[in-house]
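Notes for the one structure printed next.
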Amino acid sequence: MNKAGSLVRLLHLVSPTLPTGAYSYSQGLEWGVEAGWITDARSLGNWLIQVSEQSLGRVDIPLLARMSAAVRDGDPQLLGRWRDLLLACRETSELREEERTRGRALATLLQQLGLPGLQPFRKILTTCQLAGFAFAAAGWKIALADAATGYGWAWLENQVLTGMKIIPLGQSEGQRLLLELSPTMLESVNIGLNLEDEEIGGSTPALAIASSQHETQYTRLYRS
């Protein structure tokens with residue numbers, strides 16, 4: 001597959017129309033708004049900067065890189081090891097369940113799309129959406145840096161859209177946030193791609209508190 005073809009597949013993989021249910025999850029944002037932690041574009045931006053630096057850049061992106069290598073090497077056992085570490089870094093039952101549920105949806109989709117070589121990895125992919133993303137990126141020969149950037153963008157866009165709905169924010173405020181936060185996201189991606197194994201792991205106590213409180217939130221629109 002040439003570079004243009006890989007780019008189209010990346011756009012496919014990060015599209016909000018992908019039926020993996022990303023729009024159903026706020027990752028603690030809904031409770032943060034309910035509790036008054038997040039009230040406007042500025043507080044949402046501060047929240048996302050912290051999550052980008054401490055979670056996206058120090059957990060998701062370095063593990064995406066290692067999962068992609070495990071897929072390219074044809075090593076399901078190693079992919080499973082990195083899956084276990086990712087789930088251990090998801091600090092609440094809702095965040096772990098999101099990872100598993102979206103993983104099952106993505107694995108089913110990739111099978112329906114006929115992506116070759118899936119069967120040896122299928123059991124692991126159904127328990128981890130990041131593993132499924134890594135598998136698809138490797139299968140479609142998407143360059144790692146491009147795949148990581150696309151993954152980071154998809155996370156940022158979904159979080160900003162969630163904030164726009166529940167704070168709420170206007171369309172222009174949301175677009176300004178995407179513009180302002182993109183450099184932070186890109187820096188997180190760059191850091192994540194260059195971490196050593198022993199450096200993987202983040203600290204997001206506010207996210208953990210918000211997510212755990214969301215599990216018993218009385219009125220909610222989102223699943224996390």
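In the structure tokens, the first chain shown is A, the next is B, and so on; residue numbers restart at 1 for each chain, and ligands run from 1 in the order shown.
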Could you pull out the helix (DSSP H, G or I) residues of region 78-205 of chain A, going by DSSP on the backbone, and write them as number ranges by chain? A: 78-89, 93-112, 119-125, 129-139, 144-166, 171-193, 197-199, 205
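Residues in contact with Gly36 (chain A) at 12 Å, where only C-alpha atoms are counted and same-chain residues fewer than 6 positions away are skipped, are listed as Leu29, Glu30, Ser43, Leu44, Ile166, Ile167 and Ala210 of chain A.
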Might you pull out every residue within 10 Å of Leu87 (chain A), with only C-alpha atoms counted and same-chain residues fewer than 2 positions away left off, and present them as number ranges by chain? A: 82-85, 89-93, 95-97, 99-100, 127-128
Output N, CA and C atoms for every residue in the selection just made, as a short mmCIF file (atom, residue, chain, number, x, y, z; two decimals), in the first residue's frame.
```cif
data_model
loop_
_atom_site.label_atom_id
_atom_site.label_comp_id
_atom_site.auth_asym_id
_atom_site.auth_seq_id
_atom_site.Cartn_x
_atom_site.Cartn_y
_atom_site.Cartn_z
N TRP A 82 1.69 -6.43 26.73
CA TRP A 82 1.48 -4.98 26.70
C TRP A 82 0.01 -4.65 26.97
N ARG A 83 -0.91 -5.51 26.53
CA ARG A 83 -2.33 -5.33 26.85
C ARG A 83 -2.55 -5.35 28.36
N ASP A 84 -1.91 -6.29 29.04
CA ASP A 84 -2.06 -6.39 30.49
C ASP A 84 -1.56 -5.13 31.19
N LEU A 85 -0.45 -4.58 30.69
CA LEU A 85 0.08 -3.36 31.30
C LEU A 85 -0.88 -2.19 31.07
N CYS A 89 -3.00 0.12 33.88
CA CYS A 89 -2.89 1.58 33.96
C CYS A 89 -4.26 2.27 33.88
N ARG A 90 -5.30 1.54 33.50
CA ARG A 90 -6.66 2.08 33.51
C ARG A 90 -7.17 1.92 34.94
N GLU A 91 -7.32 3.02 35.66
CA GLU A 91 -7.41 2.96 37.12
C GLU A 91 -8.80 2.68 37.68
N THR A 92 -9.82 2.64 36.85
CA THR A 92 -11.17 2.38 37.36
C THR A 92 -11.84 1.29 36.52
N SER A 93 -12.89 0.72 37.07
CA SER A 93 -13.60 -0.33 36.35
C SER A 93 -14.23 0.22 35.06
N LEU A 95 -13.08 2.66 33.11
CA LEU A 95 -12.05 2.85 32.09
C LEU A 95 -11.58 1.51 31.53
N ARG A 96 -11.48 0.50 32.38
CA ARG A 96 -11.10 -0.84 31.89
C ARG A 96 -12.21 -1.42 31.02
N GLU A 97 -13.45 -1.23 31.43
CA GLU A 97 -14.56 -1.76 30.63
C GLU A 97 -14.66 -1.05 29.29
N GLU A 99 -12.16 0.10 27.58
CA GLU A 99 -11.09 -0.49 26.76
C GLU A 99 -11.53 -1.84 26.18
N ARG A 100 -12.17 -2.66 27.00
CA ARG A 100 -12.59 -3.99 26.56
C ARG A 100 -13.75 -3.90 25.57
N THR A 127 -10.14 -7.66 23.85
CA THR A 127 -10.05 -7.17 25.23
C THR A 127 -9.37 -5.82 25.33
N CYS A 128 -9.04 -5.21 24.18
CA CYS A 128 -8.23 -3.98 24.24
C CYS A 128 -8.32 -3.23 22.92
#
```
I'd like the neighbourhood of Ile200 (chain A) as a ChimeraX atom specification, where a residue qualifies if any of its atoms comes within 8 Å (using only C-alpha atoms), though same-chain residues fewer than 6 positions away should be ignored. /A:58-59,62-63
Would you save the residues of that selection, restricted to N, CA and C atoms, as a PDB file, in the first residue's frame?
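part30.pdb was written with the following content:
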```pdb
ATOM      1  N   ARG A  58       2.310   9.122  28.185  1.00  0.00           N
ATOM      2  CA  ARG A  58       3.129   8.244  29.025  1.00  0.00           C
ATOM      3  C   ARG A  58       2.562   6.835  29.176  1.00  0.00           C
ATOM      4  N   VAL A  59       1.363   6.618  28.619  1.00  0.00           N
ATOM      5  CA  VAL A  59       0.781   5.270  28.661  1.00  0.00           C
ATOM      6  C   VAL A  59       0.369   4.832  27.251  1.00  0.00           C
ATOM      7  N   PRO A  62       3.317   5.170  24.109  1.00  0.00           N
ATOM      8  CA  PRO A  62       4.402   4.182  24.164  1.00  0.00           C
ATOM      9  C   PRO A  62       3.906   2.749  24.046  1.00  0.00           C
ATOM     10  N   LEU A  63       2.719   2.464  24.575  1.00  0.00           N
ATOM     11  CA  LEU A  63       2.195   1.106  24.448  1.00  0.00           C
ATOM     12  C   LEU A  63       1.682   0.843  23.037  1.00  0.00           C
TER      13      LEU A  63
END
```
Shortest interatomic distance to Ser52 (chain A) - which of A:Ala145, A:Leu181, A:Ala138, A:Leu78, counting only C-alpha atoms: A:Leu181
Need to verify the contact set: Tyr151 (chain A), 12 Å, only C-alpha atoms, exclusion of same-chain residues closer than 5 positions in sequence. Can you return it as a ChimeraX atom specification? /A:10-16,22,52,56-57,60-65,129-134,136-137,142,144-146,156-158,185-186,188-189
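Nearest to Thr108 (chain A) of all the residues A:Val160, A:Leu18, A:Ala143, A:Leu195 is A:Leu18, counting only C-alpha atoms.
Taking CA of Leu109 (chain A) as the reference point, CA of Leu207 (chain A) is found at 29.3 Å.
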